[in-house]
$ cat structure_24.txt   # compact mmCIF, C-alpha atoms
# COMPACT_ATOMS: atom_id res chain seq x y z
CA MET Q 1 0.00 0.00 0.00
CA ASN Q 2 1.61 3.28 -1.06
CA SER Q 3 2.05 6.08 1.46
CA GLU Q 4 0.17 8.59 -0.72
CA PHE Q 5 -2.99 6.49 -0.49
CA VAL Q 6 -2.67 6.27 3.28
CA LYS Q 7 -2.19 10.06 3.47
CA GLY Q 8 -5.34 10.48 1.39
CA ILE Q 9 -7.29 8.30 3.85
CA GLN Q 10 -5.84 10.31 6.74
CA ASN Q 11 -7.32 13.44 5.16
CA ILE Q 12 -10.76 11.83 5.38
CA LEU Q 13 -10.66 10.03 8.75
CA CYS Q 14 -9.05 10.76 12.09
CA GLY Q 15 -5.99 8.68 12.95
CA GLU Q 16 -7.85 6.67 15.59
CA ALA Q 17 -10.04 5.14 12.85
CA ILE Q 18 -7.11 3.92 10.71
CA PHE Q 19 -5.18 0.70 11.41
CA LEU Q 20 -2.33 -0.61 9.25
CA ASN Q 21 -1.49 -4.32 9.05
CA GLU Q 22 -4.38 -5.12 11.38
CA PRO Q 23 -4.60 -8.88 12.20
CA MET Q 24 -7.89 -10.15 10.83
CA SER Q 25 -7.85 -13.03 13.31
CA GLU Q 26 -9.08 -10.44 15.83
CA HIS Q 27 -12.08 -9.57 13.65
CA THR Q 28 -13.44 -12.98 12.63
CA SER Q 29 -15.38 -15.52 14.69
CA PHE Q 30 -13.02 -18.22 13.33
CA LYS Q 31 -10.09 -16.36 15.00
CA ILE Q 32 -8.19 -16.94 11.76
CA GLY Q 33 -6.65 -14.54 9.25
CA GLY Q 34 -3.49 -12.62 8.40
CA PRO Q 35 -3.10 -8.82 8.35
CA ALA Q 36 -5.29 -6.36 6.47
CA GLU Q 37 -3.18 -3.72 4.71
CA VAL Q 38 -5.58 -0.99 5.83
CA PHE Q 39 -8.43 -1.46 8.33
CA LEU Q 40 -10.89 1.41 8.79
CA GLU Q 41 -13.60 2.11 11.36
CA ILE Q 42 -16.32 4.04 9.52
CA THR Q 43 -19.02 5.66 11.66
CA THR Q 44 -21.06 7.88 9.31
CA MET Q 45 -22.59 7.81 5.84
CA GLU Q 46 -20.44 10.82 4.87
CA GLU Q 47 -17.23 8.98 5.80
CA LEU Q 48 -18.37 5.86 3.94
CA LEU Q 49 -19.08 7.84 0.76
CA LYS Q 50 -15.75 9.66 0.87
CA VAL Q 51 -13.68 6.55 1.59
CA THR Q 52 -15.31 4.34 -1.05
CA ASP Q 53 -15.12 7.12 -3.67
CA PHE Q 54 -11.44 7.62 -2.87
CA CYS Q 55 -10.73 3.87 -3.11
CA ARG Q 56 -12.46 3.69 -6.49
CA LYS Q 57 -10.52 6.69 -7.85
CA GLU Q 58 -7.23 5.19 -6.67
CA GLY Q 59 -8.08 1.70 -7.96
CA ILE Q 60 -7.83 0.16 -4.48
CA SER Q 61 -10.11 -2.77 -3.63
CA PHE Q 62 -12.23 -2.65 -0.48
CA PHE Q 63 -14.32 -5.11 1.49
CA VAL Q 64 -17.01 -4.26 4.04
CA LEU Q 65 -16.77 -6.35 7.18
CA GLY Q 66 -19.67 -7.09 9.48
CA ASN Q 67 -19.14 -9.28 12.55
CA GLY Q 68 -16.76 -11.53 10.60
CA SER Q 69 -18.97 -14.46 11.55
CA ASN Q 70 -19.26 -16.10 8.14
CA LEU Q 71 -15.76 -15.36 6.91
CA LEU Q 72 -12.49 -17.22 6.39
CA VAL Q 73 -9.57 -14.85 5.80
CA ALA Q 74 -6.38 -16.09 4.14
CA ASP Q 75 -3.31 -16.70 6.32
CA GLU Q 76 -1.34 -14.34 4.08
CA GLY Q 77 -3.75 -11.52 4.88
CA VAL Q 78 -5.78 -9.20 2.69
CA GLU Q 79 -4.64 -6.58 0.19
CA GLY Q 80 -6.53 -3.30 -0.03
CA VAL Q 81 -8.94 -1.83 2.49
CA ILE Q 82 -11.20 -3.49 5.05
CA ILE Q 83 -14.11 -1.26 6.10
CA HIS Q 84 -15.82 -1.94 9.42
CA LEU Q 85 -19.10 -0.12 10.06
CA SER Q 86 -19.65 1.22 13.58
CA GLY Q 87 -21.05 4.29 15.36
CA LYS Q 88 -24.13 5.69 13.63
CA LEU Q 89 -23.92 2.89 11.07
CA ALA Q 90 -24.37 0.31 13.83
CA GLY Q 91 -27.40 1.73 15.65
CA ALA Q 92 -31.18 1.33 15.56
CA ARG Q 93 -34.15 3.67 15.91
CA MET Q 94 -37.89 3.65 15.41
CA ASP Q 95 -39.35 5.42 12.37
CA GLY Q 96 -43.09 5.18 12.94
CA ASP Q 97 -43.79 1.45 13.20
CA ILE Q 98 -40.59 0.54 11.32
CA ILE Q 99 -37.21 -0.30 12.89
CA ARG Q 100 -34.40 1.34 10.93
CA ALA Q 101 -31.13 -0.44 11.69
CA GLY Q 102 -27.56 0.28 10.61
CA ALA Q 103 -25.73 -2.42 8.66
CA GLY Q 104 -23.05 -2.70 11.33
CA LEU Q 105 -25.50 -3.57 14.11
CA SER Q 106 -25.32 -7.14 15.40
CA LEU Q 107 -28.44 -9.26 14.97
CA SER Q 108 -28.43 -10.07 18.69
CA ALA Q 109 -28.47 -6.34 19.54
CA LEU Q 110 -31.30 -5.75 17.06
CA ALA Q 111 -33.28 -8.60 18.64
CA VAL Q 112 -32.86 -6.96 22.07
CA PHE Q 113 -33.94 -3.58 20.62
CA ALA Q 114 -37.05 -5.16 19.07
CA ALA Q 115 -37.93 -6.86 22.36
CA GLU Q 116 -37.61 -3.56 24.24
CA LYS Q 117 -40.02 -1.99 21.73
CA GLU Q 118 -42.37 -4.97 22.20
CA LEU Q 119 -42.11 -6.04 18.57
CA THR Q 120 -42.13 -9.72 17.67
CA GLY Q 121 -40.92 -11.63 14.60
CA PHE Q 122 -37.17 -11.16 14.92
CA GLU Q 123 -36.56 -13.74 17.64
CA PHE Q 124 -35.29 -16.32 15.11
CA ALA Q 125 -32.26 -14.11 14.39
CA SER Q 126 -31.31 -13.41 18.00
CA GLY Q 127 -28.60 -16.06 18.06
CA ILE Q 128 -27.23 -15.66 14.53
CA PRO Q 129 -23.72 -14.27 15.13
CA GLY Q 130 -23.75 -11.77 12.28
CA SER Q 131 -24.51 -8.15 11.47
CA VAL Q 132 -27.54 -6.65 9.74
CA GLY Q 133 -25.65 -5.94 6.51
CA GLY Q 134 -24.16 -9.39 6.13
CA ALA Q 135 -27.41 -11.10 7.11
CA ILE Q 136 -29.35 -9.19 4.45
CA CYS Q 137 -26.78 -9.86 1.73
CA MET Q 138 -27.10 -13.61 2.25
CA ASN Q 139 -30.71 -13.71 3.49
CA ALA Q 140 -29.58 -15.31 6.73
CA GLY Q 141 -32.05 -17.47 8.60
CA ALA Q 142 -32.58 -19.91 11.44
CA TYR Q 143 -35.40 -21.81 13.16
CA GLY Q 144 -37.87 -21.28 10.34
CA GLY Q 145 -37.27 -17.55 9.85
CA GLU Q 146 -35.27 -15.60 7.26
CA MET Q 147 -34.43 -11.95 6.62
CA LYS Q 148 -36.90 -11.92 3.74
CA ASP Q 149 -39.72 -12.43 6.26
CA VAL Q 150 -39.01 -9.22 8.17
CA VAL Q 151 -37.20 -6.82 5.81
CA GLU Q 152 -39.33 -3.97 4.44
CA GLY Q 153 -36.57 -2.32 2.42
CA VAL Q 154 -32.83 -1.74 2.23
CA TYR Q 155 -30.69 1.35 1.59
CA VAL Q 156 -27.67 0.35 -0.47
CA LEU Q 157 -24.61 2.33 -1.53
CA THR Q 158 -23.71 1.36 -5.07
CA ASP Q 159 -21.59 3.23 -7.62
CA GLY Q 160 -21.31 6.15 -5.22
CA MET Q 161 -25.09 6.56 -4.95
CA LEU Q 162 -27.53 5.63 -2.17
CA LYS Q 163 -30.37 3.55 -3.60
CA TYR Q 164 -33.49 2.08 -2.00
CA PHE Q 165 -34.38 -1.55 -2.65
CA SER Q 166 -37.79 -2.83 -1.60
CA ALA Q 167 -38.06 -6.37 -0.24
CA GLU Q 168 -39.23 -7.45 -3.70
CA ASP Q 169 -36.27 -5.68 -5.37
CA MET Q 170 -33.91 -7.65 -3.14
CA GLN Q 171 -34.89 -10.95 -4.85
CA PHE Q 172 -34.37 -12.93 -1.67
CA SER Q 173 -33.98 -16.68 -1.97
CA TYR Q 174 -32.14 -19.33 0.06
CA ARG Q 175 -28.89 -17.69 1.31
CA HIS Q 176 -29.03 -15.24 -1.59
CA SER Q 177 -30.07 -11.71 -2.51
CA ILE Q 178 -29.61 -9.43 -5.52
CA LEU Q 179 -26.66 -7.82 -3.68
CA SER Q 180 -24.45 -10.84 -4.32
CA GLU Q 181 -24.68 -9.97 -8.02
CA LEU Q 182 -23.87 -6.26 -7.62
CA LYS Q 183 -20.21 -5.31 -7.45
CA ASN Q 184 -19.18 -3.25 -4.40
CA ALA Q 185 -22.79 -2.88 -3.19
CA ILE Q 186 -22.84 -1.92 0.50
CA VAL Q 187 -25.86 -2.23 2.78
CA VAL Q 188 -26.05 0.99 4.80
CA THR Q 189 -29.35 0.68 6.66
CA ALA Q 190 -32.38 -1.60 6.55
CA ASP Q 191 -36.03 -1.18 7.51
CA PHE Q 192 -37.70 -4.00 9.43
CA LYS Q 193 -41.45 -4.49 9.76
CA LEU Q 194 -42.39 -6.50 12.85
CA GLN Q 195 -45.61 -7.19 14.72
CA PRO Q 196 -46.74 -5.97 18.16
CA GLY Q 197 -46.03 -8.48 20.92
CA LYS Q 198 -45.49 -8.84 24.64
CA LYS Q 199 -42.00 -8.20 25.98
CA GLU Q 200 -42.04 -11.19 28.35
CA GLU Q 201 -43.14 -13.60 25.60
CA ILE Q 202 -40.54 -12.24 23.16
CA ARG Q 203 -37.74 -12.58 25.70
CA SER Q 204 -38.93 -16.08 26.60
CA LYS Q 205 -38.76 -17.11 22.92
CA ILE Q 206 -35.24 -15.65 22.59
CA ASP Q 207 -34.13 -17.58 25.71
CA GLU Q 208 -35.66 -20.79 24.34
CA LEU Q 209 -33.80 -20.47 21.01
CA THR Q 210 -30.56 -19.55 22.81
CA GLU Q 211 -30.80 -22.72 24.86
CA LYS Q 212 -31.43 -24.81 21.71
CA ARG Q 213 -28.25 -23.40 20.18
CA ARG Q 214 -26.22 -24.17 23.27
CA GLU Q 215 -27.47 -27.76 23.27
CA LYS Q 216 -26.84 -28.46 19.58
CA GLN Q 217 -23.98 -26.23 18.42
CA PRO Q 218 -20.26 -26.22 19.34
CA LEU Q 219 -20.29 -22.68 20.76
CA ASP Q 220 -17.20 -23.33 22.90
CA TYR Q 221 -14.93 -23.27 19.84
CA PRO Q 222 -14.29 -20.58 17.21
CA SER Q 223 -16.15 -21.25 13.97
CA ALA Q 224 -17.96 -19.49 11.14
CA GLY Q 225 -21.30 -21.11 11.93
CA SER Q 226 -22.70 -23.67 9.49
CA THR Q 227 -19.91 -24.45 7.06
CA PHE Q 228 -22.01 -25.72 4.14
CA LYS Q 229 -25.17 -24.58 2.41
CA ARG Q 230 -28.18 -26.85 2.74
CA PRO Q 231 -28.16 -29.23 -0.26
CA GLU Q 232 -31.25 -29.82 -2.39
CA THR Q 233 -31.75 -33.19 -0.70
CA GLY Q 234 -31.19 -33.81 3.00
CA TYR Q 235 -29.04 -31.80 5.37
CA ALA Q 236 -25.29 -31.19 5.17
CA SER Q 237 -24.73 -32.29 8.78
CA GLN Q 238 -26.60 -35.54 8.23
CA LEU Q 239 -24.65 -36.36 5.03
CA ILE Q 240 -21.34 -35.55 6.75
CA GLU Q 241 -22.19 -37.74 9.72
CA GLU Q 242 -23.36 -40.61 7.50
CA ALA Q 243 -20.05 -40.37 5.63
CA GLY Q 244 -18.25 -41.05 8.92
CA LEU Q 245 -16.55 -37.66 9.00
CA LYS Q 246 -17.52 -36.46 12.47
CA GLY Q 247 -14.33 -35.55 14.35
CA THR Q 248 -12.16 -35.59 11.20
CA ARG Q 249 -9.25 -33.21 11.66
CA ILE Q 250 -6.71 -31.48 9.42
CA GLY Q 251 -4.16 -29.45 11.35
CA GLY Q 252 -6.07 -27.41 13.93
CA ALA Q 253 -9.43 -27.62 12.11
CA GLU Q 254 -12.00 -30.27 12.98
CA VAL Q 255 -15.46 -31.41 11.92
CA SER Q 256 -17.30 -30.83 15.18
CA LYS Q 257 -18.18 -33.95 17.15
CA LYS Q 258 -21.18 -32.09 18.57
CA HIS Q 259 -22.61 -30.85 15.24
CA SER Q 260 -21.02 -32.14 12.05
CA GLY Q 261 -22.31 -29.17 10.04
CA PHE Q 262 -19.66 -27.03 11.78
CA ILE Q 263 -15.94 -26.96 11.12
CA ILE Q 264 -14.30 -25.58 14.26
CA ASN Q 265 -10.92 -24.13 15.20
CA VAL Q 266 -9.75 -26.52 17.94
CA ASN Q 267 -6.03 -25.76 18.00
CA ASN Q 268 -4.75 -22.62 16.26
CA ALA Q 269 -6.10 -23.69 12.86
CA THR Q 270 -4.89 -21.89 9.77
CA ALA Q 271 -7.13 -20.82 6.91
CA ASN Q 272 -5.40 -23.46 4.83
CA ASP Q 273 -6.34 -26.16 7.40
CA VAL Q 274 -9.98 -25.12 7.12
CA LYS Q 275 -9.95 -24.95 3.30
CA GLU Q 276 -8.35 -28.40 3.04
CA LEU Q 277 -10.92 -29.85 5.45
CA ILE Q 278 -13.82 -28.26 3.52
CA THR Q 279 -12.45 -29.75 0.28
CA TYR Q 280 -11.95 -33.17 1.87
CA VAL Q 281 -15.42 -33.28 3.44
CA SER Q 282 -17.05 -32.23 0.14
CA LYS Q 283 -15.11 -34.91 -1.77
CA VAL Q 284 -15.96 -37.76 0.63
CA VAL Q 285 -19.65 -36.80 0.94
CA GLU Q 286 -20.01 -36.66 -2.86
CA GLU Q 287 -18.28 -40.05 -3.23
CA LYS Q 288 -20.53 -41.69 -0.63
CA SER Q 289 -23.87 -40.00 -1.28
CA GLY Q 290 -23.62 -38.43 -4.72
CA VAL Q 291 -24.56 -35.06 -3.20
CA LYS Q 292 -22.30 -32.06 -3.80
CA LEU Q 293 -21.82 -29.74 -0.80
CA TYR Q 294 -21.01 -26.08 -1.32
CA PRO Q 295 -19.44 -23.86 1.36
CA GLU Q 296 -21.62 -21.23 2.99
CA VAL Q 297 -18.53 -19.57 4.45
CA LYS Q 298 -17.19 -16.65 2.42
CA MET Q 299 -13.46 -16.82 1.69
CA LEU Q 300 -11.41 -13.65 1.54
$ encode --input "structure_24.txt" --output "structure tokens"
Amino acid sequence: MNSEFVKGIQNILCGEAIFLNEPMSEHTSFKIGGPAEVFLEITTMEELLKVTDFCRKEGISFFVLGNGSNLLVADEGVEGVIIHLSGKLAGARMDGDIIRAGAGLSLSALAVFAAEKELTGFEFASGIPGSVGGAICMNAGAYGGEMKDVVEGVYVLTDGMLKYFSAEDMQFSYRHSILSELKNAIVVTADFKLQPGKKEEIRSKIDELTEKRREKQPLDYPSAGSTFKRPETGYASQLIEEAGLKGTRIGGAEVSKKHSGFIINVNNATANDVKELITYVSKVVEEKSGVKLYPEVKML
């Protein structure tokens, strides 16, 4: 990264928001990843516009990071700029009967906000360890609910312009939205339409789902959540278990003994360990069942 580019960024942001050679292992739930050349904390729409415009003009690639919960970052690190949304871009407020949430807000925090406002329908997402922006991009879901069920509309920064996408415009489908087809599209805020409910009942539902996760998922180890997308037939975890792969390990990465749909970091795993294990699991499952598994985890 040339010093002139860094100086240009310093003219936009204060020094406390700029980190050079920042270890990405500290910003991913896998606890894996080499250094980012430039890591930025962006707190306002104005900063986001200026930084992304500057990157485009200078021909520098950028990636917007949420909670890093569905991400595997290379051991060698990442060239270009990592943008992390915080401050005003990670808050929530009521706009009439709509919740308007910043893309950097965690889903768990949004679930708490909705409960405080006595609005129901978002409980399913309370334990998904991601941010609003990332969840919308991939139409995240759990326990019978998906983002498409609760999103009213999304404000997206694309080509230097802020555009509004209705829920229909988003073309939500399983772990997919229109945003995956748009280059450098950034979710800025999203509007959620929920239903009136009782605070005690909402909190009780959140607690119930939290307990289910604790019972079934290997939450004691770093991971990126479910490693594979759900195949057209059956479930990834079932196919992996039937293939006898539970507990299989490469380096510090292991197919969880508790839930075979998770690859976990049990002993200082590298990104390469995880990639090799994903490839091996996919190969064996296809050989034994004829079903091809595709990773849900995004690789950077």
$ atom_distance --input "structure_24.txt" --atom1 "atom CA of Glu118 of chain Q" --atom2 "atom CA of Lys199 of chain Q"
5.0 Å
$ atom_distance --input "structure_24.txt" --atom1 "atom CA of Leu110 of chain Q" --atom2 "atom CA of Tyr221 of chain Q"
24.1 Å
$ closest_residue --input "structure_24.txt" --among "Q:Gly15, Q:Ile60, Q:Gly261, Q:Leu49" --to "Glu37 of chain Q" --atoms "all atoms listed in the file"
Q:Ile60
$ atom_distance --input "structure_24.txt" --atom1 "atom CA of Gln217 of chain Q" --atom2 "atom CA of Val151 of chain Q"
26.7 Å
$ residues_near_point --input "structure_24.txt" --point "(-33.1, -18.0, 13.2)" --cutoff "7 Å" --atoms "only C-alpha atoms" --output "list of chain:residue names"
Q:Phe124, Q:Ala125, Q:Ser126, Q:Gly127, Q:Ile128, Q:Gly141, Q:Ala142, Q:Tyr143, Q:Gly144, Q:Gly145, Q:Glu146
$ closest_residue --input "structure_24.txt" --among "Q:Met161, Q:Met45, Q:Ala236, Q:Leu194" --to "Phe262 of chain Q" --atoms "all atoms listed in the file"
Q:Ala236
$ residues_near_point --input "structure_24.txt" --point "(-5.6, -6.6, 0.3)" --cutoff "9 Å" --atoms "only C-alpha atoms" --output "compact mmCIF listing (two decimals) with C-alpha atoms, keeping the file's coordinate frame"
# COMPACT_ATOMS: atom_id res chain seq x y z
CA MET Q 1 0.00 0.00 0.00
CA PRO Q 35 -3.10 -8.82 8.35
CA ALA Q 36 -5.29 -6.36 6.47
CA GLU Q 37 -3.18 -3.72 4.71
CA VAL Q 38 -5.58 -0.99 5.83
CA ILE Q 60 -7.83 0.16 -4.48
CA SER Q 61 -10.11 -2.77 -3.63
CA PHE Q 62 -12.23 -2.65 -0.48
CA PHE Q 63 -14.32 -5.11 1.49
CA GLY Q 77 -3.75 -11.52 4.88
CA VAL Q 78 -5.78 -9.20 2.69
CA GLU Q 79 -4.64 -6.58 0.19
CA GLY Q 80 -6.53 -3.30 -0.03
CA VAL Q 81 -8.94 -1.83 2.49
CA ILE Q 82 -11.20 -3.49 5.05
$ closest_residue --input "structure_24.txt" --among "Q:Ile12, Q:Ile136, Q:Ile264, Q:Leu162" --to "Leu179 of chain Q" --atoms "only C-alpha atoms"
Q:Ile136
$ residues_around --input "structure_24.txt" --residues "Gly133 of chain Q" --least-positions-apart "6" --cutoff "9 Å" --atoms "all atoms listed in the file" --output "list in words"
Leu65, Gly66, Gly102, Ala103, Gly104, Leu105, Ser106, Ile186, Val187, Val188, Thr189 and Ala190 of chain Q
$ closest_residue --input "structure_24.txt" --among "Q:Lys258, Q:Leu245, Q:Gly33, Q:Val154" --to "Ser166 of chain Q" --atoms "all atoms listed in the file"
Q:Val154
$ closest_residue --input "structure_24.txt" --among "Q:Ser223, Q:Lys283, Q:Glu123, Q:Lys246" --to "Asn267 of chain Q" --atoms "all atoms listed in the file"
Q:Ser223
$ residues_around --input "structure_24.txt" --residues "Ala92 of chain Q" --least-positions-apart "3" --cutoff "7 Å" --atoms "only C-alpha atoms" --output "compact mmCIF listing (two decimals) with C-alpha atoms, in the frame of the given file"
# COMPACT_ATOMS: atom_id res chain seq x y z
CA ILE Q 99 -37.21 -0.30 12.89
CA ARG Q 100 -34.40 1.34 10.93
CA ALA Q 101 -31.13 -0.44 11.69
CA GLY Q 102 -27.56 0.28 10.61
